[in-house]
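Step one of this worksheet: look at the structure below.
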Amino acid sequence: MNPWATWLTTYGTARYQLSRKQGWHAFATAPARPPFDILTRPAMSRLSEEDLEDYNEARMVWNANLPTIKTSQLAAAYGICDQVMASAYRDGDKLRGSVVIDAEPGLGKTTIATRYARDFHRRVLRRDGPLTAEGHQRWPVAFIPLSAGVTLKGLNQQILRFYGHPAVDRASTSKLGALAVDCVTSCGTRLIVLDDLHFVDFRHRNGLEVSNHLKGLANDMAATFIYVGVNLTAKRFFDEGLLGEHTVYAQTSRRATRCPVAPFGIDTDTGMRGWLALLRTAEEHLVLADARAGMLCEHARLLHRRTQGRIASLTNLLDRISYLAIVTGVEAVTAELIATATVDNASESAARTG
Ligand SMILES: Nc1ncnc2c1ncn2[C@@H]1O[C@H](COP(=O)(O)OP(=O)(O)OP(=O)(O)O)[C@@H](O)[C@H]1O
Ligand SMILES: [Mg+2]
């Protein structure tokens, strides 16, 4: 086997199922992919057809997996999480606070929450070991993605599924909640990430039930919660669907700390510096024969226009540009390729009207 085929067997695209404890653990403990040398054009032309195919395949995997970049948005969000986690040192009989990562689509919310939780997972396992004092497996973090129209029962089932609890489809609705608390307690889970919380409609009876249940769970579980979702303020997560003067009774608002995530703006010097720093990191990452420093930064404004400074649109665009750079033999990022590559629907319409 050539070195790239060998590399691909271990470091090919990983299909983690984060919503199960084994998948989460595999993600949290996966080693970083080792880099490989960038071949020059003459070196590439000496490869056999199959070797070249494998080299290109390995480059596709590498290019599409940018390391998590410490953007100012990510650093600010980590700062908030760290502060809220300071209350996690409280004994289990006292309530902990929670973080709410609330922003528009595609700004890196899930990335922030999963990377923060991953670091925490590793740290706790390193310090406290794989087993709890009672001999249970320790799972410091639970990752619970929600789906559309989630109900109270669905939420509890999703928690039990994470832990692989056998009663998930059998237990009665009232029993499910207690089992979920048992799992969290016996596995020593200290951080729970609930992703895509915008699927809960807080103005609807089902949603209010979920919201109240979440408060109940926060009371019963000695864990800190990170809630993640799109436009949660507008969806009335904080005031729990209450209207007018009743909103003062909303407990969630007192217990939660909101963590906004903004797109990159380039109208100020600081904004432009942040955008350039992001592009520079991405530029250094790409494995292309004619890659050079500045090939992305020189097109900072064009890239911003095409993506509106949204990191998800940028990473999608870069995947496509680097794919095109490989298959067309351009082997670098150029203005033509940036203009040719298609972007997601939202970016496309915003770029047209903006
Ligand atoms: N700090 C980062 N460094 C590198 N890439 C990032 C970073 N943040 C986000 N990304 C990229 O942007 C993509 C979208 O990010 P993510 O899924 O976290 O956004 P989101 O706000 O949760 O989106 P959605 O609203 O669709 O759930 C990721 O797949 C990743 O490629
Ligand atoms: Mg997300």
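Note on naming: chains are A, B, ... as they come in the structure tokens, residues start from 1 per chain, ligands start from 1 in the order shown.
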I'd like a table as CSV: residues in range 225-310 of chain A with an atom no more than 9 Å from range 102-125 of chain A, each row giving the shortest atom pair and its distance in Å to one decimal, only C-alpha atoms counted, sorted by chain and rising residue number.
```
residue,atom,partner,partner_atom,distance
A:Ile226,CA,A:Ala113,CA,7.2
A:Tyr227,CA,A:Asp102,CA,8.1
A:Val228,CA,A:Asp102,CA,6.1
A:Gly229,CA,A:Asp102,CA,5.4
A:Val230,CA,A:Glu104,CA,5.2
A:Asn231,CA,A:Ala103,CA,5.4
A:Leu232,CA,A:Asp102,CA,5.8
A:Thr233,CA,A:Asp102,CA,7.5
A:Arg258,CA,A:Asp102,CA,6.7
A:Cys259,CA,A:Asp102,CA,6.1
A:Pro260,CA,A:Asp102,CA,5.2
A:Val261,CA,A:Ala103,CA,5.5
A:Ala262,CA,A:Leu107,CA,6.9
A:Pro263,CA,A:Leu107,CA,6.3
A:Gly309,CA,A:Leu107,CA,8.9
A:Arg310,CA,A:Leu107,CA,5.6
```
> Using the chain letters and numbers from this document, which residues of range 110-148 of chain A does DSSP assign to strand (DSSP E), as a list in words?
Replying inline: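 Here are the strand (DSSP E) residues of range 110-148 of chain A: Val141, Ala142, Phe143, Ile144 and Pro145 of chain A.
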Written file, previous selection with N, CA and C atoms, as a PDB file, in the first residue's frame:
```pdb
ATOM      1  N   VAL A 141     -19.220  13.774  30.112  1.00  0.00           N
ATOM      2  CA  VAL A 141     -20.039  14.659  29.282  1.00  0.00           C
ATOM      3  C   VAL A 141     -21.155  13.848  28.625  1.00  0.00           C
ATOM      4  N   ALA A 142     -22.348  14.411  28.551  1.00  0.00           N
ATOM      5  CA  ALA A 142     -23.411  13.812  27.727  1.00  0.00           C
ATOM      6  C   ALA A 142     -23.772  14.814  26.640  1.00  0.00           C
ATOM      7  N   PHE A 143     -23.876  14.323  25.404  1.00  0.00           N
ATOM      8  CA  PHE A 143     -24.235  15.194  24.286  1.00  0.00           C
ATOM      9  C   PHE A 143     -25.599  14.752  23.778  1.00  0.00           C
ATOM     10  N   ILE A 144     -26.576  15.632  23.893  1.00  0.00           N
ATOM     11  CA  ILE A 144     -27.957  15.267  23.567  1.00  0.00           C
ATOM     12  C   ILE A 144     -28.496  16.197  22.477  1.00  0.00           C
ATOM     13  N   PRO A 145     -28.461  15.756  21.215  1.00  0.00           N
ATOM     14  CA  PRO A 145     -29.062  16.578  20.165  1.00  0.00           C
ATOM     15  C   PRO A 145     -30.570  16.340  20.129  1.00  0.00           C
TER      16      PRO A 145
END
```
> Looking at only C-alpha atoms and all ligand atoms, which of A:Ser147, A:Gln73, A:Asn219, A:Ser48 is the one that sits closest to ligand 1?
Replying inline: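 The answer is A:Gln73, which sits nearest to ligand 1.
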> So which residues touch Phe162 in chain A within 6 Å, counting only C-alpha atoms, skipping near sequence neighbours fewer than 5 positions away, as a PyMOL selection string?
Replying inline: chain A and resi 19-21
Assign secondary structure with DSSP using the backbone only, and return the residues of range 106-318 of chain A in helix (DSSP H, G or I) as a compact mmCIF listing (two decimals) with C-alpha atoms, in the first residue's frame.
```
# COMPACT_ATOMS: atom_id res chain seq x y z
CA LYS A 109 -22.40 27.10 17.93
CA THR A 110 -22.17 23.32 17.90
CA THR A 111 -18.44 23.49 17.30
CA ILE A 112 -17.97 25.72 20.34
CA ALA A 113 -20.07 23.46 22.57
CA THR A 114 -18.62 20.15 21.40
CA ARG A 115 -15.00 21.34 21.52
CA TYR A 116 -15.45 22.83 24.97
CA ALA A 117 -17.14 19.64 26.16
CA ARG A 118 -14.46 17.51 24.55
CA ASP A 119 -11.68 19.29 26.43
CA PHE A 120 -13.65 18.87 29.65
CA HIS A 121 -14.25 15.17 28.95
CA ARG A 122 -10.55 14.51 28.45
CA ARG A 123 -9.53 16.56 31.48
CA VAL A 124 -11.89 14.78 33.85
CA LEU A 125 -10.97 11.31 32.59
CA ARG A 126 -7.28 12.10 32.93
CA ARG A 127 -7.68 13.34 36.46
CA ASP A 128 -10.35 11.00 37.82
CA LEU A 152 -40.89 15.42 27.26
CA LYS A 153 -40.78 11.70 26.58
CA GLY A 154 -38.58 12.17 23.53
CA LEU A 155 -36.09 14.23 25.52
CA ASN A 156 -35.78 11.60 28.24
CA GLN A 157 -35.43 8.86 25.66
CA GLN A 158 -32.68 10.76 23.92
CA ILE A 159 -30.80 11.01 27.22
CA LEU A 160 -31.21 7.30 27.88
CA ARG A 161 -30.13 6.47 24.33
CA PHE A 162 -26.92 8.37 24.92
CA TYR A 163 -26.16 6.07 27.83
CA THR A 173 -42.94 8.37 30.62
CA SER A 174 -42.76 9.08 34.33
CA LYS A 175 -40.11 6.40 34.89
CA LEU A 176 -37.94 7.65 32.01
CA GLY A 177 -37.09 10.90 33.78
CA ALA A 178 -35.94 9.08 36.90
CA LEU A 179 -33.84 6.68 34.84
CA ALA A 180 -32.20 9.61 33.05
CA VAL A 181 -31.26 11.14 36.40
CA ASP A 182 -29.86 7.76 37.51
CA CYS A 183 -27.68 7.49 34.41
CA VAL A 184 -26.27 10.97 34.84
CA THR A 185 -25.60 10.40 38.54
CA SER A 186 -24.08 6.93 38.34
CA LEU A 197 -32.88 23.41 21.38
CA HIS A 198 -34.77 25.59 18.87
CA PHE A 199 -36.68 22.42 18.01
CA ARG A 205 -47.78 23.10 25.74
CA ASN A 206 -45.31 20.36 24.73
CA GLY A 207 -42.49 22.87 24.72
CA LEU A 208 -43.42 24.29 28.11
CA GLU A 209 -43.42 20.79 29.50
CA VAL A 210 -39.94 20.24 28.11
CA SER A 211 -38.80 23.58 29.49
CA ASN A 212 -40.12 22.78 32.97
CA HIS A 213 -38.61 19.35 32.78
CA LEU A 214 -35.23 20.84 31.88
CA LYS A 215 -35.42 22.91 35.04
CA GLY A 216 -36.31 19.78 36.97
CA LEU A 217 -33.34 17.95 35.50
CA ALA A 218 -31.06 20.83 36.40
CA ASN A 219 -32.31 20.53 39.99
CA ASP A 220 -31.88 16.77 40.13
CA GLY A 244 -45.83 40.39 29.35
CA GLU A 245 -45.54 40.86 33.11
CA HIS A 246 -45.41 37.13 33.72
CA THR A 247 -41.96 37.02 32.23
CA VAL A 248 -40.55 38.18 35.57
CA TYR A 249 -41.34 34.75 36.87
CA GLN A 251 -36.58 31.16 36.21
CA THR A 252 -34.58 30.18 33.18
CA SER A 253 -33.55 33.75 32.62
CA ARG A 254 -32.03 33.97 36.10
CA ARG A 255 -30.24 30.69 35.90
CA ASP A 269 -9.96 47.12 11.78
CA THR A 270 -10.47 44.61 14.58
CA GLY A 271 -13.09 42.78 12.54
CA MET A 272 -10.86 42.61 9.49
CA ARG A 273 -7.94 41.40 11.60
CA GLY A 274 -10.08 38.54 12.95
CA TRP A 275 -11.24 37.57 9.46
CA LEU A 276 -7.67 37.63 8.13
CA ALA A 277 -6.44 35.53 11.04
CA LEU A 278 -9.09 32.94 10.22
CA LEU A 279 -8.17 32.94 6.54
CA ARG A 280 -4.49 32.67 7.35
CA THR A 281 -5.04 29.56 9.45
CA ALA A 282 -7.18 28.03 6.72
CA GLU A 283 -4.60 28.91 4.10
CA GLU A 284 -1.80 27.21 6.01
CA HIS A 285 -3.91 24.10 6.29
CA CYS A 297 -6.01 36.60 2.58
CA GLU A 298 -5.59 38.43 -0.72
CA HIS A 299 -9.22 37.65 -1.45
CA ALA A 300 -10.50 38.55 2.01
CA ARG A 301 -13.23 40.88 0.76
CA LEU A 302 -14.42 38.56 -1.98
CA LEU A 303 -14.57 35.64 0.45
CA HIS A 304 -16.46 37.77 2.93
CA ARG A 305 -18.96 38.81 0.30
CA ARG A 306 -19.55 35.23 -0.74
CA THR A 307 -20.03 33.98 2.85
CA ILE A 311 -17.79 30.33 9.34
CA ALA A 312 -19.99 27.44 8.17
CA SER A 313 -20.37 29.00 4.72
CA LEU A 314 -16.64 29.70 4.60
CA THR A 315 -15.62 26.13 5.43
CA ASN A 316 -18.09 24.77 2.86
CA LEU A 317 -16.75 27.14 0.24
CA LEU A 318 -13.15 26.18 1.04
```
>> Using only C-alpha atoms for the distances, tell me which of A:Gly79, A:Pro140, A:Gly12, A:Gly97 is nearest to Pro34 in chain A.
In response: A:Gly12
>> Env of Val333 in chain A: 10 Å cut, atoms = only C-alpha atoms, seq-sep filter 4 positions within chain, self excluded. Answer as JSON, numbers by chain.
In response: {"A": [283, 286, 288, 290, 291, 292, 294, 295, 296, 299, 318, 321, 322, 324, 325, 337, 338]}
Written selection (N, CA and C atoms) as a CSV table (one decimal), in the first residue's frame:
```csv
chain,number,residue,atom,x,y,z
A,283,GLU,N,-5.5,28.9,5.2
A,283,GLU,CA,-4.6,28.9,4.1
A,283,GLU,C,-3.4,28.0,4.4
A,286,LEU,N,-4.3,24.1,3.9
A,286,LEU,CA,-4.6,23.4,2.6
A,286,LEU,C,-3.4,22.8,2.0
A,288,LEU,N,-2.1,21.9,-1.3
A,288,LEU,CA,-2.2,22.1,-2.7
A,288,LEU,C,-0.7,22.4,-3.2
A,290,ASP,N,0.6,24.3,-5.4
A,290,ASP,CA,1.0,25.7,-5.5
A,290,ASP,C,0.5,26.6,-4.4
A,291,ALA,N,0.1,26.0,-3.3
A,291,ALA,CA,-0.4,26.8,-2.2
A,291,ALA,C,0.7,27.8,-1.7
A,292,ARG,N,0.3,29.0,-1.4
A,292,ARG,CA,1.3,30.0,-0.9
A,292,ARG,C,0.6,30.9,0.1
A,294,GLY,N,-0.9,33.9,1.7
A,294,GLY,CA,-1.6,35.0,1.1
A,294,GLY,C,-2.7,34.6,0.1
A,295,MET,N,-2.7,33.4,-0.3
A,295,MET,CA,-3.7,33.0,-1.4
A,295,MET,C,-5.1,33.2,-1.0
A,296,LEU,N,-5.4,33.1,0.3
A,296,LEU,CA,-6.8,33.4,0.8
A,296,LEU,C,-6.9,34.8,1.2
A,299,HIS,N,-7.8,37.6,-1.0
A,299,HIS,CA,-9.2,37.7,-1.4
A,299,HIS,C,-10.2,37.8,-0.3
A,318,LEU,N,-14.6,26.6,1.2
A,318,LEU,CA,-13.2,26.2,1.0
A,318,LEU,C,-13.0,24.7,0.6
A,321,ILE,N,-13.6,24.8,-3.1
A,321,ILE,CA,-12.5,25.4,-3.8
A,321,ILE,C,-11.3,24.4,-3.8
A,322,SER,N,-11.0,23.8,-2.7
A,322,SER,CA,-9.9,22.9,-2.7
A,322,SER,C,-10.1,21.7,-3.6
A,324,LEU,N,-12.0,21.7,-6.3
A,324,LEU,CA,-11.8,22.2,-7.7
A,324,LEU,C,-10.3,22.4,-8.0
A,325,ALA,N,-9.6,22.9,-7.0
A,325,ALA,CA,-8.2,23.2,-7.2
A,325,ALA,C,-7.4,21.9,-7.6
A,337,LEU,N,-11.4,30.5,-9.1
A,337,LEU,CA,-12.0,29.4,-8.4
A,337,LEU,C,-13.0,29.8,-7.3
A,338,ILE,N,-12.6,30.9,-6.6
A,338,ILE,CA,-13.6,31.4,-5.6
A,338,ILE,C,-14.9,31.8,-6.2
```
